[in-house]
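Undergrad: Got a structure for you, my_file_7.txt, holding compact mmCIF, C-alpha atoms and all ligand atoms.
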```txt
# COMPACT_ATOMS: atom_id res chain seq x y z
CA MET A 191 24.80 -1.67 -5.35
CA GLU A 192 27.30 -2.86 -2.73
CA LYS A 193 26.58 0.30 -0.78
CA TYR A 194 22.89 -0.62 -0.57
CA ILE A 195 23.57 -4.19 0.50
CA LYS A 196 25.78 -2.82 3.23
CA ILE A 197 23.02 -0.41 4.29
CA ILE A 198 20.54 -3.30 4.49
CA LEU A 199 22.89 -5.47 6.53
CA ASP A 200 23.85 -2.57 8.80
CA GLY A 201 20.15 -1.82 9.18
CA TYR A 202 19.41 -5.36 10.41
CA TYR A 203 22.46 -5.51 12.61
CA GLY A 204 21.86 -2.05 14.04
CA TYR A 205 18.19 -2.64 14.76
CA TRP A 206 18.81 -6.03 16.32
CA ASN A 207 21.41 -4.47 18.64
CA TYR A 208 19.07 -1.61 19.40
CA LEU A 209 16.16 -3.95 20.22
CA THR A 210 18.16 -6.28 22.44
CA SER A 211 19.76 -3.40 24.34
CA GLU A 212 16.31 -1.78 24.79
CA ILE A 213 15.02 -4.95 26.39
CA LEU A 214 18.14 -5.69 28.43
CA TYR A 215 18.83 -2.17 29.70
CA PRO A 216 15.80 -0.25 30.94
CA SER A 217 16.29 3.52 30.99
CA TRP A 218 14.23 6.71 30.77
CA HIS A 219 14.96 6.93 27.07
CA ASN A 220 13.61 3.51 26.19
CA TYR A 221 10.63 2.86 23.90
CA PHE A 222 10.15 -0.74 24.95
CA TYR A 223 9.56 0.03 28.60
CA TRP A 224 7.63 3.24 27.96
CA LEU A 225 5.25 1.36 25.66
CA THR A 226 4.89 -1.43 28.20
CA GLY A 227 4.50 0.99 31.12
CA LEU A 228 1.93 3.18 29.37
CA SER A 229 -0.02 0.09 28.32
CA ILE A 230 -0.14 -1.21 31.89
CA ALA A 231 -1.14 2.22 33.23
CA VAL A 232 -4.01 2.68 30.76
CA PHE A 233 -5.10 -0.93 31.21
CA ALA A 234 -5.19 -0.38 35.00
CA LEU A 235 -7.50 2.61 34.46
CA GLU A 236 -9.75 0.46 32.25
CA VAL A 237 -9.98 -2.10 35.05
CA ILE A 238 -10.59 0.45 37.82
CA VAL A 239 -12.96 2.91 36.07
CA PRO A 240 -14.27 1.21 32.92
CA TRP A 241 -16.64 3.11 30.64
CA ARG A 242 -18.60 0.17 29.12
CA LYS A 243 -19.01 -1.87 32.27
CA SER A 244 -20.39 -4.94 30.53
CA GLN A 245 -17.28 -5.30 28.38
CA PRO A 246 -14.93 -8.05 29.62
CA ILE A 247 -11.60 -6.85 31.01
CA PHE A 248 -9.87 -9.14 28.55
CA ARG A 249 -12.11 -8.00 25.71
CA LYS A 250 -12.42 -9.66 22.30
CA ASP A 251 -9.02 -9.66 20.52
CA PHE A 252 -7.13 -8.37 23.58
CA TRP A 253 -4.14 -10.64 23.04
CA LEU A 254 -4.24 -10.30 19.26
CA ASP A 255 -3.97 -6.53 19.69
CA VAL A 256 -1.15 -6.83 22.22
CA PHE A 257 0.71 -8.85 19.61
CA TYR A 258 -0.03 -6.21 16.95
CA MET A 259 1.32 -3.59 19.33
CA PHE A 260 4.75 -5.18 19.69
CA PHE A 261 4.80 -6.32 16.08
CA ASN A 262 4.09 -2.88 14.64
CA PHE A 263 6.31 -1.06 17.09
CA PHE A 264 9.37 -3.33 17.07
CA LEU A 265 9.24 -6.55 15.07
CA PHE A 266 8.22 -4.93 11.79
CA SER A 267 11.22 -2.61 12.04
CA LEU A 268 13.41 -5.62 12.60
CA ILE A 269 11.93 -7.63 9.74
CA LEU A 270 11.55 -4.97 7.08
CA TYR A 271 11.06 -1.32 7.88
CA ASN A 272 14.47 -0.29 9.20
CA ALA A 273 16.52 -1.75 6.36
CA LEU A 274 13.97 -0.66 3.76
CA SER A 275 13.69 2.92 4.96
CA ASN A 276 17.48 3.31 5.16
CA VAL A 277 17.73 2.19 1.54
CA VAL A 278 14.90 4.44 0.38
CA VAL A 279 16.36 7.49 2.14
CA GLU A 280 19.77 6.80 0.60
CA LEU A 281 18.24 6.28 -2.86
CA PHE A 282 16.30 9.49 -2.46
CA ASN A 283 19.40 11.44 -1.42
CA ASP A 284 21.37 9.97 -4.32
CA PHE A 285 18.56 10.95 -6.66
CA LEU A 286 18.55 14.53 -5.36
CA GLY A 287 22.36 14.53 -5.61
CA LEU A 288 21.95 14.07 -9.38
CA PHE A 289 20.45 17.56 -9.43
CA GLY A 290 23.06 18.96 -7.10
CA ILE A 291 20.67 19.12 -4.14
CA THR A 292 22.41 18.12 -0.93
CA ASN A 293 20.37 20.06 1.59
CA LEU A 294 16.61 19.67 1.82
CA ILE A 295 16.09 22.04 4.69
CA ALA A 296 13.84 24.91 3.64
CA ILE A 297 13.14 26.40 7.07
CA GLU A 298 15.93 26.67 9.61
CA ILE A 299 14.48 25.94 13.02
CA SER A 300 17.41 24.51 14.96
CA SER A 301 17.85 27.89 16.65
CA TRP A 302 14.25 27.79 17.96
CA PRO A 303 13.63 26.95 21.61
CA ILE A 304 13.04 23.25 22.09
CA TRP A 305 9.35 23.63 23.01
CA GLY A 306 8.82 25.59 19.78
CA GLN A 307 10.36 22.78 17.76
CA PHE A 308 8.27 20.27 19.69
CA LEU A 309 5.03 22.14 18.96
CA LEU A 310 5.87 22.64 15.30
CA MET A 311 6.71 18.97 14.86
CA LEU A 312 3.49 17.94 16.63
CA ILE A 313 1.32 20.25 14.52
CA VAL A 314 2.94 19.56 11.16
CA ALA A 315 3.22 15.78 11.62
CA ASP A 316 -0.31 15.50 13.00
CA PHE A 317 -1.83 17.52 10.15
CA ILE A 318 -0.10 15.32 7.59
CA GLN A 319 -1.35 12.23 9.45
CA TRP A 320 -4.90 13.59 9.52
CA ASN A 321 -4.78 13.95 5.73
CA VAL A 322 -3.26 10.49 5.25
CA HIS A 323 -5.92 9.00 7.52
CA ARG A 324 -8.69 10.59 5.42
CA MET A 325 -7.04 9.14 2.35
CA LEU A 326 -7.00 5.66 3.95
CA HIS A 327 -10.78 5.95 4.18
CA ARG A 328 -11.40 7.39 0.72
CA VAL A 329 -9.07 5.43 -1.57
CA PRO A 330 -10.58 1.94 -1.98
CA TRP A 331 -7.37 -0.10 -2.04
CA LEU A 332 -5.98 1.78 0.98
CA TRP A 333 -9.23 1.18 2.85
CA GLU A 334 -8.68 -2.59 2.47
CA PHE A 335 -5.51 -2.19 4.56
CA HIS A 336 -7.04 0.25 7.03
CA LYS A 337 -9.93 -2.17 7.65
CA VAL A 338 -7.62 -4.15 9.95
CA HIS A 339 -7.72 -1.23 12.38
CA HIS A 340 -11.47 -0.84 11.97
CA SER A 341 -12.19 -4.53 12.56
CA VAL A 342 -12.02 -3.78 16.30
CA GLU A 343 -15.43 -4.54 17.82
CA GLN A 344 -14.64 -3.92 21.49
CA MET A 345 -12.41 -0.97 22.28
CA GLY A 346 -9.39 -1.13 24.55
CA PHE A 347 -5.97 0.56 24.70
CA ALA A 348 -4.19 -2.09 22.59
CA ALA A 349 -6.54 -1.51 19.65
CA HIS A 350 -4.50 1.65 19.11
CA LEU A 351 -1.64 -0.23 17.48
CA ARG A 352 -3.74 -2.85 15.67
CA TYR A 353 -3.11 -1.93 12.06
CA HIS A 354 -1.65 -3.38 8.89
CA TRP A 355 2.09 -2.71 8.50
CA MET A 356 1.43 -1.16 5.08
CA GLU A 357 0.01 1.81 7.00
CA THR A 358 3.44 2.42 8.50
CA LEU A 359 4.94 2.60 5.01
CA VAL A 360 2.20 4.93 3.74
CA TYR A 361 2.33 7.31 6.73
CA LYS A 362 6.12 7.45 6.99
CA SER A 363 6.83 7.89 3.30
CA ILE A 364 4.34 10.73 2.95
CA GLN A 365 5.68 12.45 6.06
CA TYR A 366 9.35 12.11 5.22
CA LEU A 367 9.82 14.93 2.73
CA PRO A 368 7.84 17.71 4.48
CA LEU A 369 9.51 16.94 7.81
CA ALA A 370 12.96 16.77 6.21
CA MET A 371 12.32 20.22 4.73
CA ILE A 372 11.99 21.68 8.20
CA GLY A 373 15.01 19.78 9.40
CA PHE A 374 13.26 16.98 11.30
CA GLY A 375 13.99 13.27 11.06
CA LEU A 376 11.03 10.88 11.20
CA ASP A 377 12.00 9.69 14.66
CA ASP A 378 13.10 12.91 16.31
CA PHE A 379 11.63 13.93 19.64
CA PHE A 380 11.38 10.96 21.92
CA ILE A 381 9.00 12.81 24.25
CA LEU A 382 6.67 13.67 21.38
CA HIS A 383 6.47 9.99 20.45
CA ILE A 384 5.68 8.99 24.00
CA PHE A 385 3.05 11.74 24.17
CA THR A 386 1.33 10.61 20.96
CA ILE A 387 1.38 6.96 22.12
CA ALA A 388 -0.24 7.99 25.40
CA VAL A 389 -2.99 9.99 23.64
CA GLY A 390 -3.51 7.17 21.11
CA HIS A 391 -3.79 4.53 23.84
CA LEU A 392 -6.35 6.70 25.66
CA ASN A 393 -8.30 7.32 22.43
CA HIS A 394 -8.96 3.59 22.17
CA ALA A 395 -9.27 2.86 25.88
CA ASN A 396 -12.50 1.81 27.56
CA LEU A 397 -12.55 5.11 29.45
CA LYS A 398 -15.02 7.96 29.41
CA ILE A 399 -12.72 10.95 29.04
CA THR A 400 -13.07 14.14 27.00
CA TYR A 401 -10.52 16.52 28.62
CA GLY A 402 -13.18 19.24 29.10
CA PRO A 403 -12.54 22.32 26.98
CA PHE A 404 -9.32 20.75 25.67
CA LYS A 405 -11.47 18.37 23.61
CA TYR A 406 -11.28 20.94 20.81
CA ILE A 407 -7.53 20.46 20.72
CA LEU A 408 -6.91 16.87 21.81
CA ASN A 409 -8.51 13.77 20.36
CA ASN A 410 -10.24 11.69 23.05
CA PRO A 411 -11.99 8.33 23.61
CA ILE A 412 -15.53 9.60 22.97
CA MET A 413 -14.54 11.38 19.78
CA HIS A 414 -12.53 8.42 18.51
CA THR A 415 -15.32 5.96 19.36
CA TRP A 416 -17.37 7.75 16.71
CA HIS A 417 -14.54 7.24 14.25
CA HIS A 418 -14.97 3.49 14.80
CA VAL A 419 -18.78 3.21 14.68
CA LYS A 420 -20.28 0.66 12.33
CA HIS A 421 -23.13 2.86 11.15
CA LEU A 422 -21.87 6.19 9.85
CA PRO A 423 -24.17 9.15 9.24
CA SER A 424 -25.59 8.84 5.71
CA ASP A 425 -24.18 12.20 4.62
CA ARG A 426 -20.63 11.12 5.60
CA PRO A 427 -20.21 7.63 4.21
CA HIS A 428 -16.38 7.74 4.30
CA GLY A 429 -16.07 8.53 7.97
CA VAL A 430 -15.85 11.18 10.69
CA ASN A 431 -13.31 12.32 13.32
CA TYR A 432 -10.10 11.50 11.46
CA GLY A 433 -7.88 13.07 14.13
CA ILE A 434 -4.86 11.16 15.38
CA THR A 435 -3.48 13.12 18.35
CA LEU A 436 -5.15 16.49 17.75
CA SER A 437 -8.89 16.94 17.25
CA ILE A 438 -8.54 20.50 15.98
CA TRP A 439 -8.41 19.55 12.25
CA ASP A 440 -11.82 17.87 12.42
CA TYR A 441 -13.32 21.00 13.98
CA LEU A 442 -11.58 23.27 11.46
CA PHE A 443 -12.54 21.24 8.40
CA GLY A 444 -16.01 20.15 9.45
CA THR A 445 -15.41 16.44 9.90
CA ALA A 446 -16.10 16.41 13.64
CA TYR A 447 -19.17 14.38 14.63
CA ILE A 448 -20.18 13.56 18.20
CA PRO A 449 -24.00 13.31 18.49
CA HIS A 450 -23.81 11.71 21.97
CA ASP A 451 -21.27 9.73 23.98
CA GLY A 452 -21.69 6.58 21.81
CA GLU A 453 -21.35 4.16 24.72
CA ASN A 454 -23.48 1.43 23.14
CA GLU A 455 -22.75 2.07 19.45
CA ALA A 456 -21.78 -1.02 17.43
CA LEU A 457 -18.21 -0.77 16.15
CA GLY A 458 -16.56 -1.99 12.95
CA PHE A 459 -17.96 -1.89 9.41
CA GLU A 460 -20.58 -3.71 7.33
CA LYS A 461 -19.99 -7.48 7.53
CA VAL A 462 -17.16 -7.06 10.06
CA GLU A 463 -18.14 -10.49 11.39
CA GLU A 464 -16.88 -11.99 8.12
CA PHE A 465 -13.46 -10.31 8.45
CA PRO A 466 -10.52 -12.70 9.15
CA GLN A 467 -9.82 -13.25 12.85
CA THR A 468 -6.12 -14.10 13.08
CA PHE A 469 -3.00 -11.98 12.63
CA TRP A 470 -1.74 -13.79 9.56
CA SER A 471 -5.10 -13.92 7.78
CA GLN A 472 -5.69 -10.21 8.48
CA ILE A 473 -2.22 -9.26 7.22
CA THR A 474 -2.62 -11.20 3.98
CA TYR A 475 -6.30 -10.32 3.50
CA PRO A 476 -5.87 -7.18 1.29
CA TRP A 477 -3.92 -9.16 -1.30
CA LEU A 478 -5.81 -12.45 -1.14
CA LYS A 479 -9.14 -10.67 -1.29
CA LYS A 480 -8.26 -9.25 -4.73
CA LYS A 481 -7.84 -12.74 -6.14
CA ALA A 482 -11.03 -14.07 -4.66
ZN ZN B 501 -9.75 5.19 10.39
ZN ZN B 502 -8.69 3.96 16.02
```
Would you mind giving the structure from this file in structure tokens?
TA:
Amino acid sequence: MEKYIKIILDGYYGYWNYLTSEILYPSWHNYFYWLTGLSIAVFALEVIVPWRKSQPIFRKDFWLDVFYMFFNFFLFSLILYNALSNVVVELFNDFLGLFGITNLIAIEISSWPIWGQFLLMLIVADFIQWNVHRMLHRVPWLWEFHKVHHSVEQMGFAAHLRYHWMETLVYKSIQYLPLAMIGFGLDDFFILHIFTIAVGHLNHANLKITYGPFKYILNNPIMHTWHHVKHLPSDRPHGVNYGITLSIWDYLFGTAYIPHDGENEALGFEKVEEFPQTFWSQITYPWLKKKA
């Protein structure tokens, strides 16, 4: 028990030190400034070459989503995630230790070239995320949490990281074991993270981009707009275009749907106008709704 309390305290202390040093000491290996820099770069593109020209530059919920971005990326780790995940990983390892299992690695890839590891991590993690994302749409109680992300009515880069923190727990806990089995930690590969943030920002940006023939590999703003439309095709009531970074899974499994560019499609879901409007009310909504 004492061991776990120490892990929790070390988790808080370690993350607090990490966060303050990130902010105080800019460097090339720094999430805080990469996230800020990418956000400014994509925002600049939205201002210079906007897709929906009638949409205000500071669209509906712009500042709310900026807050979500820093909350989900940093503050949530500080408040809960870091300490919690350290405890869960330790509990899990202790549990496996009961059966004499000390090494989870099933495929040895540390001898692979770094680009091979990078590609494998991208493909495996993205495929798991695609499946989790489909589940968020199909399982009713998970959909209540995922609705926060789908309550976006005007798209812009910051909508990317507007989501309920429960999603972080769901995604990370499902990814942990398969990635550990190929010798990856959840937060390995700094460059991969930066790459997926850049693609995710662009997916939600007010930009008309499809990447030409690469659209069959990479998710893009037009494809992801259709993921957010209010009126789904009647034969696919749960959703379409579940891709996170890669679009390839939707093409392979028949969930891709792009009838036209979707510039003027309404976004959200049925009765989105009745959805709570503030951070706190959106975060508490899935639980309070049950009681109502
Ligand atoms: Zn979704
Ligand atoms: Zn989205």
Undergrad: List the neighbours of segment 344-354 of chain A out to 9 Å using all atoms listed in the file; skip same-chain residues closer than 2 positions along the sequence, and give me the result as a PyMOL selection string.
TA: chain A and resi 229+232-233+236+245+247-263+335-340+342+356-358+387+390-397+415+456-458+472-473
Undergrad: Could you please extract the residues within 10 Å of ligand ZN 501 (chain B), counting only C-alpha atoms and all ligand atoms, and hand them back as a VMD selection string?
TA: chain A and resid 320 322 to 327 333 336 to 340 353 414 417 to 418 428 to 434
Undergrad: Nearest residue to ligand ZN 502 (chain B) out of A:Leu274, A:Ile381, A:Ile412, A:Ile197, using only C-alpha atoms and all ligand atoms?
TA: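 Closest to ligand ZN 502 (chain B), using only C-alpha atoms and all ligand atoms: A:Ile412.
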Undergrad: Identify, on the basis of only C-alpha atoms, every residue whose closest approach to Thr292 of chain A does not exceed 8 Å; exclude the query and any residue fewer than 3 positions from it along the same chain; express the result as a ChimeraX atom specification.
TA: /A:283,286-287
Undergrad: Skip Tyr475 of chain A itself and residues of its chain fewer than 6 positions away, then list as a list of chain:residue names all residues within 9 Å of it, counting only C-alpha atoms.
TA: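 Within the cut-off, the hits are A:Glu334, A:Phe335, A:Phe465, A:Pro466.
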Undergrad: Which distance in Å separates atom CA of Glu460 of chain A and atom CA of Lys398 of chain A, to one decimal?
TA: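 One can read the atom CA of Glu460 of chain A to atom CA of Lys398 of chain A distance as 25.6 Å.
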Undergrad: Compare A:Ile299, A:Ile384, A:Leu478, A:Ile230 by their minimum atom-to-atom distance to Trp218 of chain A, counting all atoms listed in the file, and give me the closest one.
TA: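 For Trp218 of chain A, the nearest of the given residues is A:Ile384.
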Undergrad: Nearest to ligand ZN 502 (chain B) among A:Met371, A:Glu343, A:Leu382, A:Asp440, with distances taken over only C-alpha atoms and all ligand atoms: which residue is it?
TA: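 Checking each of A:Met371, A:Glu343, A:Leu382, A:Asp440 against ligand ZN 502 (chain B), counting only C-alpha atoms and all ligand atoms, the winner is A:Glu343.
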Undergrad: Find the distance between atom CA of Val239 of chain A and atom CA of Asn410 of chain A and write it in Å to one decimal.
TA: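 These atoms are spaced 15.9 Å apart.
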Undergrad: So, with only C-alpha atoms and all ligand atoms as the atoms that count, which of A:Phe459, A:Phe282, A:Trp224, A:Trp416 lies closest to ligand ZN 502 (chain B)?
TA: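 Among A:Phe459, A:Phe282, A:Trp224, A:Trp416, it is A:Trp416 that comes nearest to ligand ZN 502 (chain B).
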Undergrad: One decimal, in Å: what's the spacing between atom CA of Gln365 of chain A and atom CA of Leu332 of chain A?
TA: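 Straight-line distance from atom CA of Gln365 of chain A to atom CA of Leu332 of chain A works out to 16.6 Å.
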